[in-house]
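K.L.:
Data: entry-v5.txt, compact mmCIF, C-alpha atoms and all ligand atoms.
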# COMPACT_ATOMS: atom_id res chain seq x y z
CA MET A 68 -109.42 -59.20 -57.34
CA ILE A 69 -110.60 -62.13 -59.40
CA THR A 70 -111.61 -62.13 -63.01
CA ALA A 71 -115.03 -61.01 -64.03
CA SER A 72 -115.84 -64.13 -65.99
CA SER A 73 -115.17 -66.32 -63.00
CA VAL A 74 -117.69 -64.49 -60.90
CA ALA A 75 -120.21 -62.61 -62.99
CA ASP A 76 -122.25 -65.67 -63.85
CA ALA A 77 -122.58 -66.53 -60.20
CA LEU A 78 -123.99 -63.17 -59.21
CA ASP A 79 -127.66 -62.29 -59.21
CA SER A 80 -129.25 -59.01 -60.13
CA SER A 81 -128.94 -57.66 -56.61
CA SER A 82 -125.17 -57.29 -57.04
CA LYS A 83 -124.06 -53.77 -56.72
CA HIS A 84 -120.59 -53.14 -58.05
CA GLY A 85 -118.59 -52.81 -61.22
CA LEU A 86 -119.25 -55.03 -64.20
CA ALA A 87 -121.68 -57.19 -62.27
CA ALA A 88 -123.92 -54.17 -61.72
CA GLY A 89 -123.88 -53.26 -65.40
CA ALA A 90 -121.70 -50.26 -64.71
CA VAL A 91 -120.40 -48.13 -67.54
CA PRO A 92 -116.90 -46.88 -66.75
CA GLU A 93 -115.84 -43.28 -67.15
CA ARG A 94 -112.29 -44.37 -67.98
CA SER A 95 -111.48 -47.10 -70.44
CA ASP A 96 -109.26 -48.86 -67.90
CA TRP A 97 -112.13 -48.86 -65.40
CA THR A 98 -110.06 -47.14 -62.72
CA ILE A 99 -111.63 -44.65 -60.36
CA ASP A 100 -110.24 -42.42 -57.65
CA GLN A 101 -110.13 -44.28 -54.37
CA GLY A 102 -111.66 -41.26 -52.64
CA TRP A 103 -109.90 -42.20 -49.42
CA GLU A 104 -111.04 -39.06 -47.62
CA ALA A 105 -114.67 -40.02 -48.21
CA TYR A 106 -114.62 -43.31 -46.30
CA THR A 107 -116.91 -43.07 -43.28
CA ALA A 108 -116.08 -44.00 -39.70
CA GLU A 109 -118.34 -47.02 -40.09
CA GLU A 110 -116.39 -48.19 -43.14
CA HIS A 111 -113.07 -47.79 -41.36
CA GLY A 112 -114.67 -49.70 -38.49
CA VAL A 113 -115.52 -52.65 -40.72
CA TRP A 114 -111.91 -52.72 -41.89
CA LYS A 115 -110.74 -52.67 -38.27
CA THR A 116 -112.97 -55.56 -37.27
CA LEU A 117 -111.78 -57.65 -40.22
CA PHE A 118 -108.13 -56.67 -39.81
CA GLU A 119 -108.05 -57.54 -36.12
CA ARG A 120 -109.78 -60.87 -36.64
CA GLN A 121 -107.34 -61.97 -39.32
CA SER A 122 -104.33 -60.60 -37.46
CA GLN A 123 -105.19 -62.92 -34.59
CA LEU A 124 -105.74 -65.94 -36.79
CA LEU A 125 -102.91 -65.71 -39.29
CA PRO A 126 -99.77 -66.05 -37.14
CA GLY A 127 -98.64 -69.64 -37.63
CA ARG A 128 -101.05 -70.05 -40.54
CA ALA A 129 -99.96 -67.48 -43.14
CA CYS A 130 -96.65 -68.05 -44.90
CA LYS A 131 -93.65 -66.03 -43.83
CA GLU A 132 -93.71 -63.96 -47.02
CA PHE A 133 -97.25 -62.79 -46.25
CA VAL A 134 -96.25 -61.76 -42.74
CA ALA A 135 -93.12 -59.98 -43.99
CA GLY A 136 -95.07 -58.12 -46.66
CA MET A 137 -97.67 -56.99 -44.17
CA GLN A 138 -95.04 -55.70 -41.79
CA GLN A 139 -93.43 -53.55 -44.46
CA LEU A 140 -96.62 -51.97 -45.78
CA PRO A 141 -98.44 -48.90 -44.45
CA MET A 142 -101.38 -51.06 -43.45
CA ARG A 143 -102.88 -51.09 -39.98
CA ALA A 144 -106.08 -51.86 -38.15
CA ASP A 145 -107.32 -48.32 -37.65
CA GLU A 146 -108.17 -47.36 -41.19
CA ILE A 147 -108.68 -48.54 -44.73
CA PRO A 148 -105.29 -48.05 -46.40
CA ASP A 149 -104.67 -45.19 -48.79
CA PHE A 150 -103.74 -46.78 -52.14
CA ARG A 151 -101.31 -43.94 -52.88
CA ARG A 152 -99.25 -44.79 -49.83
CA LEU A 153 -99.41 -48.52 -50.47
CA SER A 154 -98.28 -47.97 -54.05
CA GLU A 155 -95.27 -45.91 -52.97
CA VAL A 156 -93.96 -48.80 -50.90
CA LEU A 157 -94.92 -51.49 -53.40
CA MET A 158 -93.28 -49.57 -56.23
CA GLN A 159 -90.01 -49.48 -54.35
CA HIS A 160 -90.05 -53.21 -53.68
CA THR A 161 -91.54 -54.90 -56.74
CA GLY A 162 -92.64 -52.13 -59.11
CA TRP A 163 -96.35 -52.73 -58.52
CA GLN A 164 -99.05 -50.19 -57.78
CA ILE A 165 -102.64 -50.43 -56.59
CA VAL A 166 -105.40 -48.87 -58.67
CA ALA A 167 -108.98 -48.47 -57.47
CA VAL A 168 -111.85 -50.00 -59.42
CA PRO A 169 -115.56 -49.99 -58.61
CA GLY A 170 -115.80 -53.80 -58.51
CA LEU A 171 -115.41 -56.52 -61.08
CA VAL A 172 -113.89 -55.41 -64.36
CA PRO A 173 -113.87 -57.12 -67.79
CA ASP A 174 -111.24 -59.81 -68.27
CA ASP A 175 -109.21 -57.89 -70.85
CA VAL A 176 -109.07 -54.84 -68.60
CA PHE A 177 -108.01 -57.00 -65.66
CA PHE A 178 -105.27 -58.71 -67.64
CA ASP A 179 -103.96 -55.42 -69.02
CA HIS A 180 -103.63 -54.03 -65.50
CA LEU A 181 -101.79 -57.10 -64.25
CA ALA A 182 -99.50 -57.23 -67.27
CA ASN A 183 -98.46 -53.69 -66.40
CA ARG A 184 -98.02 -54.33 -62.71
CA ARG A 185 -101.16 -52.52 -61.65
CA PHE A 186 -103.33 -54.41 -59.20
CA PRO A 187 -107.01 -53.45 -59.47
CA ALA A 188 -108.52 -53.29 -56.00
CA GLY A 189 -112.18 -52.85 -55.17
CA GLN A 190 -112.71 -49.39 -53.70
CA PHE A 191 -115.74 -50.34 -51.60
CA ILE A 192 -115.88 -52.27 -48.34
CA ARG A 193 -118.48 -54.81 -47.32
CA LYS A 194 -121.30 -53.84 -44.96
CA PRO A 195 -121.18 -54.71 -41.25
CA HIS A 196 -123.73 -57.51 -41.76
CA GLU A 197 -121.62 -59.08 -44.55
CA LEU A 198 -118.41 -59.74 -42.63
CA ASP A 199 -118.20 -63.42 -43.53
CA TYR A 200 -120.05 -63.58 -46.81
CA LEU A 201 -118.91 -61.68 -49.84
CA GLU A 202 -120.11 -61.99 -53.41
CA GLU A 203 -117.51 -59.68 -54.88
CA PRO A 204 -113.95 -58.83 -53.88
CA ASP A 205 -113.92 -55.66 -51.80
CA VAL A 206 -111.07 -53.55 -50.47
CA PHE A 207 -110.44 -55.92 -47.59
CA HIS A 208 -110.07 -58.97 -49.79
CA ASP A 209 -108.06 -57.15 -52.44
CA VAL A 210 -105.77 -55.17 -50.16
CA PHE A 211 -105.38 -57.25 -47.02
CA GLY A 212 -105.41 -60.52 -48.95
CA HIS A 213 -103.38 -59.69 -52.04
CA VAL A 214 -101.10 -56.74 -51.41
CA PRO A 215 -98.76 -58.30 -48.82
CA MET A 216 -97.96 -61.05 -51.32
CA LEU A 217 -97.30 -58.48 -54.05
CA MET A 218 -94.31 -57.41 -51.97
CA ASN A 219 -92.74 -60.75 -52.83
CA PRO A 220 -90.76 -60.80 -56.11
CA ALA A 221 -91.92 -64.30 -57.09
CA ILE A 222 -95.61 -63.53 -56.71
CA ALA A 223 -95.08 -60.13 -58.31
CA ASP A 224 -93.61 -61.71 -61.45
CA PHE A 225 -96.11 -64.57 -61.50
CA ILE A 226 -99.15 -62.30 -61.43
CA GLN A 227 -97.70 -60.11 -64.17
CA ALA A 228 -97.12 -63.23 -66.29
CA TYR A 229 -100.69 -64.28 -65.59
CA GLY A 230 -101.90 -60.97 -67.00
CA GLN A 231 -99.78 -61.46 -70.11
CA GLY A 232 -100.96 -65.04 -70.51
CA GLY A 233 -104.57 -64.10 -69.93
CA MET A 234 -105.02 -62.32 -73.23
CA ARG A 235 -103.44 -65.21 -75.12
CA ALA A 236 -105.65 -67.72 -73.33
CA LYS A 237 -108.70 -65.67 -74.15
CA GLU A 238 -107.81 -65.64 -77.84
CA LEU A 239 -107.26 -69.41 -77.74
CA GLY A 240 -110.58 -69.98 -76.01
CA VAL A 241 -108.94 -71.58 -72.98
CA LEU A 242 -109.37 -68.88 -70.38
CA ASP A 243 -111.23 -71.26 -68.10
CA LYS A 244 -108.12 -73.46 -67.95
CA LEU A 245 -105.79 -70.59 -67.10
CA ALA A 246 -108.20 -69.05 -64.62
CA ARG A 247 -108.01 -72.27 -62.60
CA VAL A 248 -104.28 -71.79 -62.17
CA TYR A 249 -104.83 -68.32 -60.72
CA TRP A 250 -107.67 -69.59 -58.56
CA TYR A 251 -105.71 -72.45 -57.02
CA THR A 252 -102.55 -70.37 -56.50
CA VAL A 253 -103.03 -66.62 -56.03
CA GLU A 254 -106.51 -66.99 -54.54
CA PHE A 255 -106.53 -70.33 -52.72
CA GLY A 256 -102.96 -71.57 -52.68
CA LEU A 257 -101.16 -73.33 -49.86
CA VAL A 258 -97.38 -73.60 -49.59
CA GLN A 259 -95.03 -75.89 -47.72
CA GLU A 260 -92.98 -74.25 -45.00
CA GLU A 261 -90.68 -76.15 -42.69
CA GLY A 262 -92.71 -79.33 -43.02
CA GLU A 263 -96.08 -77.68 -42.49
CA LEU A 264 -98.71 -76.12 -44.70
CA ARG A 265 -99.16 -72.37 -44.80
CA ILE A 266 -101.54 -70.00 -46.54
CA TYR A 267 -100.49 -67.69 -49.34
CA GLY A 268 -103.77 -67.42 -51.29
CA ALA A 269 -105.65 -64.16 -50.80
CA GLY A 270 -109.07 -65.79 -50.79
CA ILE A 271 -108.05 -67.76 -47.74
CA ALA A 272 -105.97 -65.10 -45.99
CA SER A 273 -108.83 -62.59 -46.13
CA SER A 274 -111.46 -65.01 -44.82
CA ARG A 275 -111.77 -65.95 -41.17
CA THR A 276 -113.72 -69.11 -41.84
CA GLU A 277 -111.67 -70.33 -44.78
CA THR A 278 -108.41 -69.67 -42.95
CA VAL A 279 -109.44 -72.34 -40.46
CA PHE A 280 -111.12 -74.63 -42.97
CA ALA A 281 -108.26 -74.71 -45.45
CA LEU A 282 -105.64 -75.67 -42.88
CA ASP A 283 -107.39 -77.38 -40.00
CA ASP A 284 -110.59 -79.01 -41.24
CA ALA A 285 -110.70 -82.73 -42.09
CA SER A 286 -112.99 -82.17 -45.06
CA PRO A 287 -110.86 -80.79 -47.94
CA ASN A 288 -108.18 -82.55 -49.95
CA ARG A 289 -104.72 -81.03 -49.82
CA ILE A 290 -102.89 -82.07 -52.96
CA ARG A 291 -99.40 -81.39 -54.29
CA PHE A 292 -99.71 -78.77 -57.04
CA ASP A 293 -99.48 -80.13 -60.60
CA LEU A 294 -100.03 -77.65 -63.40
CA GLU A 295 -101.97 -79.82 -65.84
CA ARG A 296 -104.02 -81.33 -63.07
CA VAL A 297 -105.00 -77.89 -61.79
CA MET A 298 -105.87 -76.65 -65.28
CA ARG A 299 -108.41 -79.46 -65.53
CA THR A 300 -109.94 -78.91 -62.10
CA GLN A 301 -113.16 -76.96 -61.70
CA TYR A 302 -113.53 -74.85 -58.61
CA ARG A 303 -116.19 -73.61 -56.25
CA ILE A 304 -116.95 -69.94 -56.31
CA ASP A 305 -119.71 -69.92 -53.73
CA ASP A 306 -118.27 -71.91 -50.86
CA PHE A 307 -115.07 -73.30 -49.36
CA GLN A 308 -112.87 -75.20 -51.79
CA GLU A 309 -113.07 -78.98 -51.82
CA SER A 310 -109.40 -79.25 -52.73
CA TYR A 311 -106.40 -77.04 -52.07
CA PHE A 312 -103.17 -77.36 -54.02
CA VAL A 313 -99.82 -77.07 -52.31
CA ILE A 314 -96.67 -75.61 -53.87
CA ARG A 315 -93.14 -76.40 -52.69
CA ASP A 316 -92.23 -72.77 -52.17
CA LEU A 317 -93.00 -69.47 -53.85
CA ASN A 318 -90.20 -69.94 -56.37
CA GLU A 319 -92.31 -72.68 -57.90
CA LEU A 320 -94.57 -69.89 -59.15
CA LEU A 321 -91.61 -68.24 -60.85
CA GLU A 322 -90.94 -71.51 -62.63
CA LEU A 323 -94.58 -71.64 -63.73
CA ALA A 324 -94.27 -68.14 -65.12
CA GLN A 325 -91.54 -69.33 -67.50
CA ILE A 326 -93.57 -72.20 -68.98
CA ASP A 327 -95.16 -71.92 -72.42
CA PHE A 328 -98.73 -72.93 -71.68
CA ALA A 329 -99.76 -73.39 -75.33
CA PRO A 330 -98.69 -77.07 -75.60
CA LEU A 331 -100.41 -77.76 -72.27
CA TYR A 332 -103.66 -76.29 -73.51
CA GLN A 333 -103.45 -78.58 -76.53
CA ARG A 334 -102.67 -81.63 -74.44
CA ILE A 335 -105.56 -81.19 -72.04
CA ALA A 336 -108.05 -80.14 -74.72
CA CYS A 337 -109.10 -83.75 -75.22
CA GLN A 338 -109.20 -84.57 -71.50
CA SER A 339 -112.27 -84.19 -69.37
CA ASP A 340 -112.57 -81.64 -66.61
CA LEU A 341 -112.21 -82.81 -63.04
CA GLN A 342 -114.70 -82.06 -60.30
CA PRO A 343 -113.50 -79.91 -57.39
CA GLY A 344 -113.40 -82.84 -54.97
CA ASP A 345 -111.93 -85.48 -57.28
CA VAL A 346 -108.83 -87.38 -56.18
CA LEU A 347 -106.73 -89.14 -58.81
CA ALA A 348 -104.51 -92.17 -58.37
CA GLN A 349 -101.47 -90.12 -59.36
CA ASP A 350 -102.20 -87.27 -56.93
CA ARG A 351 -99.60 -86.71 -54.26
CA LEU A 352 -101.74 -86.13 -51.22
CA PHE A 353 -100.93 -84.24 -48.07
CA THR A 354 -104.44 -84.93 -46.84
CA ARG A 355 -107.19 -87.08 -48.27
CA GLY A 356 -110.23 -85.08 -47.28
CA SER A 357 -113.33 -86.65 -45.77
CA GLY A 358 -115.54 -84.43 -47.94
CA SER A 359 -117.89 -84.19 -44.97
CA TYR A 360 -118.44 -80.46 -45.16
CA HIS A 361 -119.71 -80.37 -48.75
CA LEU A 362 -121.66 -83.60 -48.33
CA ALA A 363 -123.55 -82.01 -45.46
CA VAL A 364 -124.16 -78.79 -47.39
CA GLU A 365 -125.57 -80.64 -50.37
CA ARG A 366 -127.84 -82.86 -48.36
FE FE A 401 -108.68 -61.96 -55.19
Translate this structure into structure tokens?

P.N.:
Amino acid sequence: MITASSVADALDSSSKHGLAAGAVPERSDWTIDQGWEAYTAEEHGVWKTLFERQSQLLPGRACKEFVAGMQQLPMRADEIPDFRRLSEVLMQHTGWQIVAVPGLVPDDVFFDHLANRRFPAGQFIRKPHELDYLEEPDVFHDVFGHVPMLMNPAIADFIQAYGQGGMRAKELGVLDKLARVYWYTVEFGLVQEEGELRIYGAGIASSRTETVFALDDASPNRIRFDLERVMRTQYRIDDFQESYFVIRDLNELLELAQIDFAPLYQRIACQSDLQPGDVLAQDRLFTRGSGSYHLAVER
């Protein structure tokens, strides 16, 4: 799940789910029943195709916490997971649960769920012809990508703190700054592991093409994570990222969760935003990207 404001503007009128479709929720928290029994064989088949593809790609690319979380969850190739069963296991480990939503939800609803350790997951799954292109987060992105990491105590606390901080950021008019932190960590983060880079971001882990691009391609920058730098950095919502930010280990997220962001918002208020592909003199680079991919796309 990503926030509505980060996506809604990028969607056209053909979008079909949740807030982006102009939906009016029956419940104020936007939750719906997952309706697990109603998934069709075709829908379970799409899950299986995606699950098997990523399961082949991720060994040696996903961080060890992702792999461990996956192994402990009732999640397998054959069927879309039942959120009730996932929540039972998650609750025991980190006190989180998964709630079904129809698609994108308003920011305040999203933050309230996270602040209360409820992860809103899209109930629907993409169509067979949409395997590699997705406008909105579906059950595969939200569950396969995010839930294994929610088994980790550091990520579990960090995402809760993000929910708490989200409402404050909204009131201060700096939600765009905070949303970039979530984007470049929870969604598209890389982490150091035994001298190599590994994936922990759900947007990468749930995407076959970005799994390879983020780690193996010469095009993107891979930059040591710096909080203020990330807050100033715009991101791409419609294509691979031009820059990925690398944390030392997952405990770095716990440290971030303890920081009072208010002085940072003030400090960067008078600084200009950075473009997604910018490299600064003070950046600590793992890789200086060639930029070739996005140059070719924009030509
Ligand atoms: Fe997400």

K.L.:
Which region 213-311 of chain A residues have any atom within 6 Å of an atom of region 117-140 of chain A, and for each, what is the nearest pair of atoms with distance in Å to one decimal, counting all atoms listed in the file, rows sorted by chain and number, as JSON lines?

P.N.:
{"residue": "A:Pro215", "atom": "CA", "partner": "A:Gly136", "partner_atom": "CA", "distance": 4.3}
{"residue": "A:Met216", "atom": "CA", "partner": "A:Phe133", "partner_atom": "CA", "distance": 5.4}
{"residue": "A:Met218", "atom": "CA", "partner": "A:Gly136", "partner_atom": "CA", "distance": 5.4}
{"residue": "A:Arg265", "atom": "CA", "partner": "A:Cys130", "partner_atom": "CA", "distance": 5.0}
{"residue": "A:Ile266", "atom": "CA", "partner": "A:Ala129", "partner_atom": "CA", "distance": 4.5}
{"residue": "A:Tyr267", "atom": "CA", "partner": "A:Cys130", "partner_atom": "CA", "distance": 5.9}

K.L.:
Using only C-alpha atoms and all ligand atoms, which of A:His213, A:Arg355, A:Arg366, A:Lys244 sits nearest ligand FE 401 (chain A)?

P.N.:
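Once distances to ligand FE 401 (chain A) are computed over only C-alpha atoms and all ligand atoms, the minimum belongs to A:His213.
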
K.L.:
For a cut-off of 8 Å around (-103.7, -60.0, -50.4), file coordinates, pick out all residues using all atoms listed in the file and list them as a list in words.

P.N.:
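It turns out the residues near that spot are His208, Asp209, Val210, Phe211, Gly212, His213, Val214, Pro215, Met216, Leu217, Gly268, Ala269, Gly270, Ala272 and Ser273 of chain A.
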
K.L.:
Which one of A:Leu201, A:Ala236, A:Leu257, A:Ala105 sits closest to ligand FE 401 (chain A) if you count all atoms listed in the file?

P.N.:
A:Leu201

K.L.:
Between A:Thr107, A:Ser357, A:Gln325, A:Gln342, which one has atoms that come closest to Arg303 (chain A), using only C-alpha atoms?

P.N.:
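Ranked by minimum distance to Arg303 (chain A), first place goes to A:Gln342.
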
K.L.:
Find the residue from A:Pro187, A:Gly262, A:Gly358, A:Pro287 that sits nearest to ligand FE 401 (chain A); use all atoms listed in the file when measuring.

P.N.:
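Looking at the shortest contact to ligand FE 401 (chain A), the residue is A:Pro187.
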
K.L.:
When you look at Tyr251 (chain A) with a cut-off of 8 Å (counting only C-alpha atoms), what residues show up, excluding the ones that are within fewer than 4 positions of it in the same chain? I need them as number ranges by chain.

P.N.:
A: 247, 255-256, 268, 297, 311-312

K.L.:
Determine the nearest neighbour of Gln333 (chain A) from the options A:Val241, A:Arg193, A:Leu181, A:Tyr360, counting only C-alpha atoms.

P.N.:
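The shortest atom-to-atom distance to Gln333 (chain A) comes from A:Val241.
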